[in-house]
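Listing of coords-v9.txt, compact mmCIF, C-alpha atoms (C1' of nucleotides)
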```
# COMPACT_ATOMS: atom_id res chain seq x y z
CA MET A 1 222.16 38.34 53.13
CA VAL A 2 218.41 37.88 53.02
CA ARG A 3 216.97 37.71 49.52
CA ALA A 4 214.15 40.00 48.55
CA GLY A 5 212.27 37.43 46.50
CA LEU A 6 212.05 39.45 43.33
CA THR A 7 210.02 38.13 40.46
CA ARG A 8 209.01 39.53 37.13
CA GLU A 9 205.37 39.31 38.22
CA ARG A 10 205.99 41.02 41.56
CA LEU A 11 207.92 43.79 39.83
CA ILE A 12 205.14 44.37 37.35
CA ARG A 13 202.45 44.42 40.02
CA ALA A 14 204.50 46.82 42.16
CA GLY A 15 205.16 48.90 39.07
CA ALA A 16 201.42 49.14 38.45
CA GLU A 17 200.85 50.31 42.02
CA LEU A 18 203.67 52.79 41.71
CA ALA A 19 202.14 54.09 38.49
CA ASP A 20 198.85 54.74 40.26
CA GLU A 21 200.66 56.63 42.99
CA VAL A 22 203.08 58.79 41.04
CA GLY A 23 202.03 58.48 37.40
CA PHE A 24 203.07 56.01 34.73
CA ALA A 25 205.73 58.32 33.30
CA GLU A 26 207.47 58.35 36.69
CA VAL A 27 207.71 54.58 36.90
CA THR A 28 211.38 53.86 36.77
CA VAL A 29 213.65 50.90 37.42
CA SER A 30 215.37 52.97 40.10
CA ALA A 31 212.17 53.86 41.90
CA LEU A 32 211.09 50.25 41.86
CA ALA A 33 214.45 49.15 43.27
CA ARG A 34 214.05 51.64 46.13
CA ARG A 35 210.58 50.26 46.81
CA PHE A 36 212.00 46.75 47.20
CA GLU A 37 215.02 48.05 49.12
CA VAL A 38 217.30 46.48 46.61
CA LYS A 39 220.03 47.77 44.32
CA VAL A 40 219.04 48.85 40.84
CA ALA A 41 221.12 46.27 38.99
CA SER A 42 219.28 43.48 40.77
CA LEU A 43 216.12 44.16 38.81
CA TYR A 44 217.82 43.51 35.50
CA SER A 45 217.74 39.75 36.05
CA HIS A 46 213.94 39.94 36.06
CA VAL A 47 213.14 42.61 33.48
CA LYS A 48 215.16 43.19 30.33
CA SER A 49 214.98 46.96 30.44
CA SER A 50 212.97 49.92 31.56
CA HIS A 51 210.91 49.57 28.40
CA ASP A 52 210.31 45.90 29.07
CA LEU A 53 209.04 46.78 32.55
CA LYS A 54 206.64 49.36 31.19
CA THR A 55 205.41 46.97 28.54
CA GLY A 56 204.77 44.41 31.25
CA ILE A 57 202.70 46.92 33.22
CA ALA A 58 200.78 47.85 30.07
CA LEU A 59 199.91 44.22 29.33
CA PHE A 60 198.91 43.70 32.94
CA ALA A 61 196.58 46.72 32.87
CA LEU A 62 195.09 45.74 29.51
CA ALA A 63 194.28 42.27 30.82
CA GLU A 64 192.90 43.51 34.12
CA LEU A 65 190.68 45.98 32.32
CA ALA A 66 189.45 43.31 29.91
CA ASP A 67 188.61 41.07 32.87
CA ARG A 68 186.54 43.81 34.44
CA GLY A 69 184.79 44.39 31.15
CA SER A 70 183.89 40.73 30.71
CA ALA A 71 182.55 40.56 34.24
CA ALA A 72 180.44 43.68 33.75
CA LEU A 73 179.05 42.49 30.45
CA ALA A 74 177.94 39.09 31.70
CA GLY A 75 174.17 38.84 31.58
CA ARG A 76 173.63 42.28 30.08
CA ALA A 77 172.57 43.46 26.65
CA GLY A 78 171.59 46.59 24.79
CA LYS A 79 171.90 49.91 26.52
CA ASP A 80 172.45 48.17 29.83
CA ALA A 81 175.59 46.53 28.44
CA LEU A 82 176.72 49.75 26.80
CA ALA A 83 176.51 51.67 30.06
CA ALA A 84 178.19 48.87 31.99
CA LEU A 85 181.24 48.74 29.72
CA ALA A 86 181.45 52.51 29.55
CA ASN A 87 181.54 52.67 33.33
CA VAL A 88 184.17 49.97 33.56
CA TYR A 89 186.58 52.14 31.56
CA ARG A 90 185.77 55.33 33.40
CA ASP A 91 185.91 53.75 36.84
CA TYR A 92 189.14 51.95 36.09
CA ALA A 93 190.76 55.17 34.96
CA THR A 94 189.59 56.91 38.12
CA GLU A 95 190.69 54.17 40.48
CA HIS A 96 193.91 53.35 38.64
CA PRO A 97 195.06 56.35 36.62
CA GLY A 98 198.59 55.04 36.30
CA ARG A 99 197.48 51.66 35.02
CA TYR A 100 195.05 53.33 32.63
CA ALA A 101 197.89 55.43 31.27
CA ALA A 102 200.00 52.27 30.98
CA ALA A 103 197.28 50.60 28.92
CA GLN A 104 197.73 53.41 26.39
CA LEU A 105 201.41 52.62 25.82
CA ARG A 106 202.14 52.07 22.16
CA LEU A 107 203.03 48.41 21.73
CA ASP A 108 204.93 46.94 18.84
CA PRO A 109 202.65 44.90 16.56
CA ALA A 110 203.73 41.48 17.81
CA THR A 111 203.23 42.42 21.46
CA ALA A 112 199.93 44.11 20.69
CA ALA A 113 198.70 41.00 18.91
CA ALA A 114 199.47 38.89 21.98
CA SER A 115 197.85 41.39 24.35
CA ALA A 116 194.31 41.63 25.67
CA GLY A 117 193.70 44.40 23.14
CA GLY A 118 191.68 42.07 20.98
CA ARG A 119 189.38 41.23 23.88
CA HIS A 120 188.51 44.90 24.18
CA ALA A 121 187.43 45.12 20.57
CA GLN A 122 185.45 41.89 21.01
CA MET A 123 183.59 43.28 24.00
CA THR A 124 182.54 46.34 22.07
CA ARG A 125 181.41 44.15 19.20
CA ALA A 126 179.40 42.05 21.64
CA ILE A 127 177.51 45.14 22.77
CA LEU A 128 176.64 45.97 19.18
CA ARG A 129 174.83 42.65 18.86
CA GLY A 130 172.07 44.36 20.80
CA TYR A 131 171.72 46.88 17.98
CA ASP A 132 170.87 46.44 14.35
CA LEU A 133 174.14 47.13 12.56
CA THR A 134 175.78 45.24 9.75
CA GLU A 135 179.29 45.53 8.36
CA PRO A 136 180.99 47.87 7.67
CA ASP A 137 178.87 50.04 9.96
CA GLN A 138 179.52 47.71 12.83
CA THR A 139 183.24 48.34 12.57
CA HIS A 140 182.68 52.07 12.28
CA ALA A 141 180.59 51.89 15.44
CA VAL A 142 183.23 49.84 17.27
CA ARG A 143 185.75 52.54 16.47
CA LEU A 144 183.38 55.30 17.50
CA LEU A 145 182.68 53.71 20.86
CA GLY A 146 186.36 53.11 21.46
CA SER A 147 187.10 56.73 20.59
CA VAL A 148 184.43 58.12 22.90
CA PHE A 149 185.37 55.92 25.83
CA HIS A 150 189.06 56.57 25.49
CA GLY A 151 188.71 60.22 24.55
CA TYR A 152 186.33 61.13 27.32
CA VAL A 153 188.22 59.30 30.01
CA SER A 154 191.56 60.71 29.04
CA LEU A 155 190.29 64.27 28.73
CA GLU A 156 188.56 64.00 32.09
CA LEU A 157 191.66 62.51 33.70
CA GLY A 158 193.81 65.20 32.15
CA GLY A 159 191.66 67.88 33.70
CA GLY A 160 190.20 69.00 30.39
CA PHE A 161 186.69 69.24 31.83
CA SER A 162 187.54 70.63 35.22
CA HIS A 163 186.09 73.72 36.82
CA SER A 164 183.05 73.83 34.61
CA ALA A 165 179.42 72.95 35.14
CA PRO A 166 177.63 70.63 34.63
CA ASP A 167 179.54 67.93 36.42
CA THR A 168 181.33 65.29 34.44
CA GLY A 169 179.32 62.36 35.81
CA GLU A 170 176.14 63.94 34.48
CA THR A 171 177.75 64.47 31.07
CA TRP A 172 178.98 60.90 31.04
CA SER A 173 175.53 59.41 31.51
CA ARG A 174 174.02 61.75 28.92
CA ILE A 175 176.72 60.71 26.47
CA VAL A 176 175.83 57.07 27.06
CA ASP A 177 172.18 57.99 26.37
CA ALA A 178 173.23 59.75 23.20
CA LEU A 179 175.35 56.82 21.99
CA ASP A 180 172.48 54.44 22.63
CA ALA A 181 170.13 56.66 20.62
CA LEU A 182 172.70 56.90 17.83
CA LEU A 183 173.23 53.15 17.64
CA ARG A 184 169.48 52.55 17.49
CA ASN A 185 169.22 55.07 14.71
CA TRP A 186 172.48 54.76 12.79
CA PRO A 187 172.35 56.91 9.64
CA ALA A 188 172.47 55.30 6.21
CA PRO A 189 175.54 56.26 4.12
CA MET B 190 233.31 82.57 18.67
CA VAL B 191 230.29 82.97 16.41
CA ARG B 192 227.00 83.17 18.24
CA ALA B 193 224.22 80.78 17.33
CA GLY B 194 221.42 83.29 17.75
CA LEU B 195 219.35 81.25 20.18
CA THR B 196 215.94 82.53 21.17
CA ARG B 197 213.14 81.09 23.23
CA GLU B 198 210.92 81.19 20.15
CA ARG B 199 213.48 79.52 17.90
CA LEU B 200 214.04 76.81 20.49
CA ILE B 201 210.34 76.12 20.79
CA ARG B 202 209.85 76.00 17.02
CA ALA B 203 212.83 73.69 16.63
CA GLY B 204 211.51 71.61 19.52
CA ALA B 205 208.19 71.26 17.73
CA GLU B 206 209.95 70.10 14.56
CA LEU B 207 212.07 67.70 16.55
CA ALA B 208 208.91 66.34 18.20
CA ASP B 209 207.41 65.60 14.80
CA GLU B 210 210.56 63.78 13.77
CA VAL B 211 211.34 61.67 16.82
CA GLY B 212 208.28 61.93 19.07
CA PHE B 213 207.41 64.42 21.76
CA ALA B 214 208.69 62.19 24.55
CA GLU B 215 212.15 62.21 22.94
CA VAL B 216 212.37 66.00 22.84
CA THR B 217 215.19 66.80 25.17
CA VAL B 218 217.29 69.83 26.02
CA SER B 219 220.35 67.85 24.96
CA ALA B 220 218.93 66.89 21.59
CA LEU B 221 217.95 70.47 20.92
CA ALA B 222 221.44 71.68 21.84
CA ARG B 223 222.93 69.18 19.39
CA ARG B 224 220.58 70.45 16.70
CA PHE B 225 221.85 74.01 17.20
CA GLU B 226 225.45 72.78 17.54
CA VAL B 227 225.67 74.43 20.89
CA LYS B 228 226.47 73.23 24.42
CA VAL B 229 223.57 72.10 26.57
CA ALA B 230 224.02 74.75 29.24
CA SER B 231 223.56 77.47 26.68
CA LEU B 232 219.90 76.70 26.33
CA TYR B 233 219.21 77.45 29.96
CA SER B 234 219.38 81.19 29.40
CA HIS B 235 216.38 80.85 27.10
CA VAL B 236 214.26 78.15 28.69
CA LYS B 237 213.95 77.61 32.43
CA SER B 238 213.99 73.82 32.27
CA SER B 239 213.16 70.82 30.18
CA HIS B 240 209.60 71.07 31.47
CA ASP B 241 209.41 74.73 30.50
CA LEU B 242 210.55 73.84 26.99
CA LYS B 243 207.89 71.16 26.65
CA THR B 244 205.24 73.50 27.98
CA GLY B 245 206.29 76.05 25.39
CA ILE B 246 205.94 73.48 22.62
CA ALA B 247 202.53 72.49 23.94
CA LEU B 248 201.30 76.09 23.96
CA PHE B 249 202.68 76.61 20.47
CA ALA B 250 200.89 73.53 19.15
CA LEU B 251 197.63 74.44 20.89
CA ALA B 252 197.69 77.89 19.32
CA GLU B 253 198.65 76.64 15.88
CA LEU B 254 195.86 74.08 15.99
CA ALA B 255 193.35 76.71 17.10
CA ASP B 256 194.43 78.94 14.23
CA ARG B 257 193.83 76.17 11.75
CA GLY B 258 190.46 75.52 13.30
CA SER B 259 189.39 79.14 13.04
CA ALA B 260 190.47 79.31 9.45
CA ALA B 261 188.60 76.13 8.57
CA LEU B 262 185.43 77.25 10.33
CA ALA B 263 185.26 80.64 8.64
CA GLY B 264 182.20 80.79 6.42
CA ARG B 265 180.93 77.32 7.30
CA ALA B 266 178.03 76.11 9.40
CA GLY B 267 176.20 72.92 10.31
CA LYS B 268 177.58 69.63 9.14
CA ASP B 269 180.01 71.40 6.85
CA ALA B 270 181.59 73.12 9.85
CA LEU B 271 181.55 69.91 11.87
CA ALA B 272 183.42 68.01 9.17
CA ALA B 273 185.87 70.85 8.66
CA LEU B 274 186.89 71.06 12.31
CA ALA B 275 187.05 67.29 12.62
CA ASN B 276 189.42 67.16 9.68
CA VAL B 277 191.59 69.92 11.10
CA TYR B 278 192.30 67.80 14.16
CA ARG B 279 192.88 64.61 12.25
CA ASP B 280 195.04 66.21 9.59
CA TYR B 281 197.10 68.10 12.13
CA ALA B 282 197.77 64.91 14.06
CA THR B 283 198.82 63.16 10.86
CA GLU B 284 201.06 65.95 9.64
CA HIS B 285 202.46 66.84 13.06
CA PRO B 286 202.21 63.86 15.38
CA GLY B 287 204.77 65.28 17.79
CA ARG B 288 203.03 68.62 18.06
CA TYR B 289 199.70 66.87 18.50
CA ALA B 290 201.17 64.84 21.35
CA ALA B 291 202.58 68.05 22.81
CA ALA B 292 199.13 69.64 22.76
CA GLN B 293 198.02 66.82 25.06
CA LEU B 294 200.57 67.72 27.73
CA ARG B 295 198.88 68.25 31.06
CA LEU B 296 199.24 71.94 31.92
CA ASP B 297 198.93 73.44 35.35
CA PRO B 298 195.67 75.39 35.75
CA ALA B 299 197.21 78.85 35.37
CA THR B 300 199.05 77.93 32.19
CA ALA B 301 196.03 76.14 30.81
CA ALA B 302 193.88 79.20 31.44
CA ALA B 303 196.31 81.35 29.46
CA SER B 304 196.55 78.82 26.62
CA ALA B 305 194.56 78.50 23.42
CA GLY B 306 192.60 75.69 25.08
CA GLY B 307 189.62 77.96 25.54
CA ARG B 308 189.54 78.75 21.83
CA HIS B 309 189.14 75.06 21.10
CA ALA B 310 186.08 74.79 23.29
CA GLN B 311 184.70 77.95 21.70
CA MET B 312 185.10 76.55 18.21
CA THR B 313 183.17 73.44 19.13
CA ARG B 314 180.46 75.61 20.68
CA ALA B 315 180.32 77.65 17.50
CA ILE B 316 179.60 74.51 15.49
CA LEU B 317 176.74 73.64 17.80
CA ARG B 318 175.04 76.90 16.93
CA GLY B 319 174.09 75.14 13.71
CA TYR B 320 172.14 72.60 15.74
CA ASP B 321 169.25 72.99 18.07
CA LEU B 322 170.73 72.35 21.51
CA THR B 323 170.25 74.26 24.73
CA GLU B 324 172.19 74.04 27.97
CA PRO B 325 173.16 71.76 29.56
CA ASP B 326 172.94 69.55 26.49
CA GLN B 327 175.16 71.92 24.58
CA THR B 328 177.96 71.38 27.08
CA HIS B 329 177.41 67.63 27.00
CA ALA B 330 177.70 67.80 23.23
CA VAL B 331 180.87 69.92 23.39
CA ARG B 332 182.43 67.27 25.58
CA LEU B 333 181.25 64.47 23.34
CA LEU B 334 182.73 66.06 20.24
CA GLY B 335 185.98 66.75 22.03
CA SER B 336 186.11 63.15 23.19
CA VAL B 337 185.47 61.70 19.76
CA PHE B 338 187.96 63.96 18.00
CA HIS B 339 190.68 63.39 20.53
CA GLY B 340 189.92 59.73 21.10
CA TYR B 341 189.75 58.79 17.44
CA VAL B 342 192.84 60.69 16.48
CA SER B 343 194.94 59.35 19.30
CA LEU B 344 193.80 55.76 18.80
CA GLU B 345 194.49 56.01 15.07
CA LEU B 346 197.89 57.59 15.70
CA GLY B 347 198.71 54.95 18.29
CA GLY B 348 198.03 52.22 15.77
CA GLY B 349 194.87 51.03 17.49
CA PHE B 350 193.00 50.70 14.21
CA SER B 351 195.79 49.40 12.06
CA HIS B 352 195.71 46.30 9.91
CA SER B 353 191.96 46.09 9.80
CA ALA B 354 189.39 46.89 7.17
CA PRO B 355 187.60 49.16 6.44
CA ASP B 356 190.15 51.91 6.15
CA THR B 357 190.27 54.58 8.80
CA GLY B 358 189.46 57.46 6.46
CA GLU B 359 186.18 55.79 5.57
CA THR B 360 185.36 55.27 9.24
CA TRP B 361 186.22 58.87 10.02
CA SER B 362 183.77 60.27 7.51
CA ARG B 363 181.03 57.88 8.63
CA ILE B 364 181.63 58.98 12.21
CA VAL B 365 181.19 62.59 11.18
CA ASP B 366 177.91 61.58 9.50
CA ALA B 367 176.85 59.82 12.67
CA LEU B 368 177.70 62.78 14.89
CA ASP B 369 175.77 65.09 12.60
CA ALA B 370 172.75 62.80 12.78
CA LEU B 371 173.07 62.60 16.54
CA LEU B 372 173.26 66.36 16.99
CA ARG B 373 170.21 66.88 14.80
CA ASN B 374 168.36 64.33 16.87
CA TRP B 375 169.74 64.69 20.36
CA PRO B 376 167.76 62.51 22.81
CA ALA B 377 165.71 64.10 25.56
CA PRO B 378 166.92 63.23 29.08
C1' DG C 379 236.38 103.82 21.71
C1' DC C 380 235.28 102.19 26.05
C1' DA C 381 231.89 100.32 29.56
C1' DT C 382 228.13 97.42 30.02
C1' DT C 383 225.24 93.85 28.80
C1' DT C 384 224.38 89.59 26.72
C1' DG C 385 225.40 84.95 24.97
C1' DC C 386 227.63 80.83 24.99
C1' DC C 387 231.27 78.37 27.31
C1' DT C 388 233.65 75.06 30.92
C1' DA C 389 233.12 72.67 35.16
C1' DA C 390 230.71 69.86 38.23
C1' DG C 391 227.07 67.28 40.72
C1' DG C 392 222.87 64.47 40.72
C1' DG C 393 219.77 60.83 38.90
C1' DG C 394 218.28 57.18 35.56
C1' DT C 395 219.75 53.15 32.42
C1' DA C 396 222.46 49.31 31.51
C1' DT C 397 226.33 45.71 31.57
C1' DA C 398 230.08 42.83 33.63
C1' DG C 399 231.72 40.22 37.02
C1' DG C 400 231.67 38.45 42.07
C1' DC C 401 230.06 36.25 46.31
C1' DA C 402 226.68 34.02 49.05
C1' DA C 403 222.20 31.76 49.57
C1' DA C 404 219.29 28.21 47.78
C1' DT C 405 218.75 23.96 45.54
C1' DG C 406 219.68 19.30 43.98
C1' DC C 407 221.69 15.06 44.21
C1' DA C 408 224.39 11.21 46.17
C1' DT D 409 224.14 15.23 55.42
C1' DG D 410 227.70 17.11 52.52
C1' DC D 411 229.13 18.98 48.30
C1' DA D 412 228.44 20.94 43.58
C1' DT D 413 225.64 23.74 40.93
C1' DT D 414 222.48 27.25 40.16
C1' DT D 415 220.37 31.40 41.28
C1' DG D 416 219.87 36.04 43.30
C1' DC D 417 221.52 40.19 44.60
C1' DC D 418 225.72 42.88 45.04
C1' DT D 419 229.75 46.28 43.65
C1' DA D 420 231.90 48.69 40.06
C1' DT D 421 231.66 51.16 35.99
C1' DA D 422 230.18 53.76 31.99
C1' DC D 423 226.98 56.52 29.54
C1' DC D 424 223.21 59.95 28.97
C1' DC D 425 220.19 63.68 30.50
C1' DC D 426 219.17 67.74 33.70
C1' DT D 427 220.62 71.72 36.07
C1' DT D 428 223.44 75.40 38.34
C1' DA D 429 227.64 78.36 39.00
C1' DG D 430 230.89 81.09 37.30
C1' DG D 431 233.95 82.85 33.28
C1' DC D 432 235.23 85.00 28.92
C1' DA D 433 234.23 87.10 24.61
C1' DA D 434 230.99 89.21 21.36
C1' DA D 435 227.49 92.65 20.83
C1' DT D 436 225.49 96.92 22.20
C1' DG D 437 225.07 101.67 23.94
C1' DC D 438 226.75 106.05 24.85
```
In structure tokens, write the structure found in this file.
Amino acid sequence: MVRAGLTRERLIRAGAELADEVGFAEVTVSALARRFEVKVASLYSHVKSSHDLKTGIALFALAELADRGSAALAGRAGKDALAALANVYRDYATEHPGRYAAAQLRLDPATAAASAGGRHAQMTRAILRGYDLTEPDQTHAVRLLGSVFHGYVSLELGGGFSHSAPDTGETWSRIVDALDALLRNWPAP
Amino acid sequence: MVRAGLTRERLIRAGAELADEVGFAEVTVSALARRFEVKVASLYSHVKSSHDLKTGIALFALAELADRGSAALAGRAGKDALAALANVYRDYATEHPGRYAAAQLRLDPATAAASAGGRHAQMTRAILRGYDLTEPDQTHAVRLLGSVFHGYVSLELGGGFSHSAPDTGETWSRIVDALDALLRNWPAP
DNA sequence: GCATTTGCCTAAGGGGTATAGGCAAATGCA
DNA sequence: TGCATTTGCCTATACCCCTTAGGCAAATGC
């Protein structure tokens, strides 16, 4: 019988594509086996479990998103950098909703530490170098930016803003304006 | 045989409690049946499906959260109101993580329209009456506040801010300060 | 007190997860 | 090139969750 050439990496990539098509929650070992025209049990030599598969997809998405962020940030500073990173998150979520959802998977501390999660925090910190913030305000601002990016994108993706004017792209760019103004004029405690 | 006295409402309440204990994703018709010491099939006279049960829990949580918001907002305005509503969301998520997760369930448009979702948007709009914003900036601001509240709370709950100083309560109150400053000084387009 | 309704039950089928053990294809080495 | 070993995918099996159909007994209504 001809072998399918399964690999942990191929399974994770295919899982990411499947997530974008049907949603991350619907990514299942069985569905993936069907996609490769292979029996379910065959996948268990390559991934430890369904959870392991999903974790793999999450790490993949986190890294891919961090790569896009780094690329967008190169050569930019200040508001320009802020808008660029903001758009990376929003565009990624639009193009790859399943992967974006995967990136939100709760990871156990050890896995999280080894993930690209730290790169994301570093990118936000890099943007803040264009503004005049010192600790602990810088950390507060990192958390605020993370919250806005994640919150907005997930509400928009979840349909929370649908069917209402003005359009969400307009709001997004005004929010970036507002964040820029806030960072330039961060209130004293 | 003694009847258990099942009711749609009792099932949804118990489902909400179960969600807080084991996580919303682990709320299952089977688990609920075990909790009532009843056979699984018995629940299907009260809820249409597993999805219907989860939707019920989501609507319950959305309404409960809106009630808390209304109560907190009564008699407050300006930054005081802003901080009060912000804390309602954060405290609810801390006390009832499963219900908070349930409130994030994506609802179909008809169900969403009949939910307490609209009350949430109205509460945020009410806060903005204490600031000097006109449309469309008011809508942009509503979306920003929603994004920050939801984003911060879900990142904090997901462990995104863990193991790092300063503590998250401190950041939260500084973020409320920052939002207040931003709303008082919203940038022109 | 009896008929009707209601509530929970048993039975059964379908899909996902996971493990054990088997056979054949690929690989490595003389 | 031929044989032994390793590797990859398979069948079989068991368990859990979801869902529907149909049955019997408790509660309700007249």
At most 8 Å to chain A: residues in chain D, all atoms listed in the file, as a PyMOL selection string: chain D and resi 416-418
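Interatomic distance, CA of Ala310 (chain B) to CA of Ser154 (chain A): 16.2 Å.
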Any chance you could tabulate, as a Markdown table, the residues of chain C at most 12 Å from chain A with each one's nearest atom pair and distance in Å to one decimal, using all atoms listed in the file, in chain and rising number order?
```
| residue | atom | partner | partner_atom | distance |
| --- | --- | --- | --- | --- |
| C:DG393 | C1' | A:Ser30 | CA | 9.1 |
| C:DG394 | C1' | A:Ser30 | CA | 6.8 |
| C:DT395 | C1' | A:Ser50 | CA | 7.6 |
| C:DA396 | C1' | A:Ser49 | CA | 7.9 |
| C:DT397 | C1' | A:Ala41 | CA | 9.1 |
| C:DA398 | C1' | A:Ala41 | CA | 11.0 |
| C:DC401 | C1' | A:Met1 | CA | 10.6 |
| C:DA402 | C1' | A:Met1 | CA | 7.5 |
| C:DA403 | C1' | A:Met1 | CA | 7.5 |
| C:DA404 | C1' | A:Arg3 | CA | 9.9 |
```
Per residue of chain B within 9 Å of chain A, which atom pair is closest and at what distance in Å (one decimal), using only C-alpha atoms, listed by chain and increasing number, as JSON lines?
```
{"residue": "B:Gln293", "atom": "CA", "partner": "A:Gly158", "partner_atom": "CA", "distance": 8.4}
{"residue": "B:Leu294", "atom": "CA", "partner": "A:Gly158", "partner_atom": "CA", "distance": 8.5}
{"residue": "B:Arg295", "atom": "CA", "partner": "A:Gly158", "partner_atom": "CA", "distance": 6.0}
{"residue": "B:Leu296", "atom": "CA", "partner": "A:Gly158", "partner_atom": "CA", "distance": 8.7}
{"residue": "B:Pro298", "atom": "CA", "partner": "A:Gly159", "partner_atom": "CA", "distance": 8.8}
{"residue": "B:Gly306", "atom": "CA", "partner": "A:Gly160", "partner_atom": "CA", "distance": 8.9}
{"residue": "B:Pro325", "atom": "CA", "partner": "A:Pro166", "partner_atom": "CA", "distance": 6.9}
{"residue": "B:Asp326", "atom": "CA", "partner": "A:Arg174", "partner_atom": "CA", "distance": 8.2}
{"residue": "B:Thr328", "atom": "CA", "partner": "A:Pro166", "partner_atom": "CA", "distance": 7.6}
{"residue": "B:His329", "atom": "CA", "partner": "A:Thr171", "partner_atom": "CA", "distance": 5.2}
{"residue": "B:Ala330", "atom": "CA", "partner": "A:Ile175", "partner_atom": "CA", "distance": 7.9}
{"residue": "B:Arg332", "atom": "CA", "partner": "A:Tyr152", "partner_atom": "CA", "distance": 7.5}
{"residue": "B:Leu333", "atom": "CA", "partner": "A:Ile175", "partner_atom": "CA", "distance": 6.7}
{"residue": "B:Leu334", "atom": "CA", "partner": "A:Val148", "partner_atom": "CA", "distance": 8.5}
{"residue": "B:Gly335", "atom": "CA", "partner": "A:Gly151", "partner_atom": "CA", "distance": 7.5}
{"residue": "B:Ser336", "atom": "CA", "partner": "A:Gly151", "partner_atom": "CA", "distance": 4.1}
{"residue": "B:Val337", "atom": "CA", "partner": "A:Val148", "partner_atom": "CA", "distance": 4.9}
{"residue": "B:Phe338", "atom": "CA", "partner": "A:Gly151", "partner_atom": "CA", "distance": 7.6}
{"residue": "B:His339", "atom": "CA", "partner": "A:Gly151", "partner_atom": "CA", "distance": 5.5}
{"residue": "B:Gly340", "atom": "CA", "partner": "A:Gly151", "partner_atom": "CA", "distance": 3.7}
{"residue": "B:Tyr341", "atom": "CA", "partner": "A:Ser147", "partner_atom": "CA", "distance": 4.6}
{"residue": "B:Val342", "atom": "CA", "partner": "A:Ser147", "partner_atom": "CA", "distance": 8.1}
{"residue": "B:Ser343", "atom": "CA", "partner": "A:Gly151", "partner_atom": "CA", "distance": 8.2}
{"residue": "B:Leu344", "atom": "CA", "partner": "A:Ser147", "partner_atom": "CA", "distance": 7.0}
{"residue": "B:Gly347", "atom": "CA", "partner": "A:Arg106", "partner_atom": "CA", "distance": 5.9}
{"residue": "B:Gly348", "atom": "CA", "partner": "A:Arg106", "partner_atom": "CA", "distance": 7.6}
{"residue": "B:Gly349", "atom": "CA", "partner": "A:Arg106", "partner_atom": "CA", "distance": 8.7}
{"residue": "B:Phe350", "atom": "CA", "partner": "A:Arg143", "partner_atom": "CA", "distance": 7.8}
{"residue": "B:Ala354", "atom": "CA", "partner": "A:Thr139", "partner_atom": "CA", "distance": 8.3}
{"residue": "B:Pro355", "atom": "CA", "partner": "A:Pro136", "partner_atom": "CA", "distance": 6.8}
{"residue": "B:Thr357", "atom": "CA", "partner": "A:His140", "partner_atom": "CA", "distance": 8.7}
{"residue": "B:Glu359", "atom": "CA", "partner": "A:His140", "partner_atom": "CA", "distance": 8.4}
{"residue": "B:Thr360", "atom": "CA", "partner": "A:His140", "partner_atom": "CA", "distance": 5.2}
{"residue": "B:Trp361", "atom": "CA", "partner": "A:His140", "partner_atom": "CA", "distance": 8.0}
{"residue": "B:Arg363", "atom": "CA", "partner": "A:His140", "partner_atom": "CA", "distance": 7.1}
{"residue": "B:Ile364", "atom": "CA", "partner": "A:Leu144", "partner_atom": "CA", "distance": 6.7}
{"residue": "B:Asp366", "atom": "CA", "partner": "A:Pro187", "partner_atom": "CA", "distance": 7.3}
{"residue": "B:Ala367", "atom": "CA", "partner": "A:Pro187", "partner_atom": "CA", "distance": 6.2}
{"residue": "B:Leu368", "atom": "CA", "partner": "A:Leu182", "partner_atom": "CA", "distance": 8.3}
{"residue": "B:Ala370", "atom": "CA", "partner": "A:Pro187", "partner_atom": "CA", "distance": 6.7}
{"residue": "B:Leu371", "atom": "CA", "partner": "A:Leu182", "partner_atom": "CA", "distance": 5.9}
{"residue": "B:Asn374", "atom": "CA", "partner": "A:Leu182", "partner_atom": "CA", "distance": 8.7}
{"residue": "B:Trp375", "atom": "CA", "partner": "A:Ala178", "partner_atom": "CA", "distance": 6.7}
{"residue": "B:Pro376", "atom": "CA", "partner": "A:Ala178", "partner_atom": "CA", "distance": 6.1}
{"residue": "B:Ala377", "atom": "CA", "partner": "A:Asp177", "partner_atom": "CA", "distance": 8.9}
{"residue": "B:Pro378", "atom": "CA", "partner": "A:Arg174", "partner_atom": "CA", "distance": 7.3}
```
Build an axis-aligned box that encloses every atom of region 391-407 of chain C listed in the file, pad it by 8 Å on each side, and report its centre and edge lengths in Å to one decimal, as lines of an AutoDock Vina configuration file.
```
center_x = 225.0
center_y = 41.2
center_z = 40.5
size_x = 29.4
size_y = 68.2
size_z = 34.1
```
- prompt: Neighbours of DA408 (chain C) within 10 Å (all atoms listed in the file; same-chain residues fewer than 2 positions away dropped), as a PyMOL selection string?
  reply: (chain C and resi 406) or (chain D and resi 410-411)
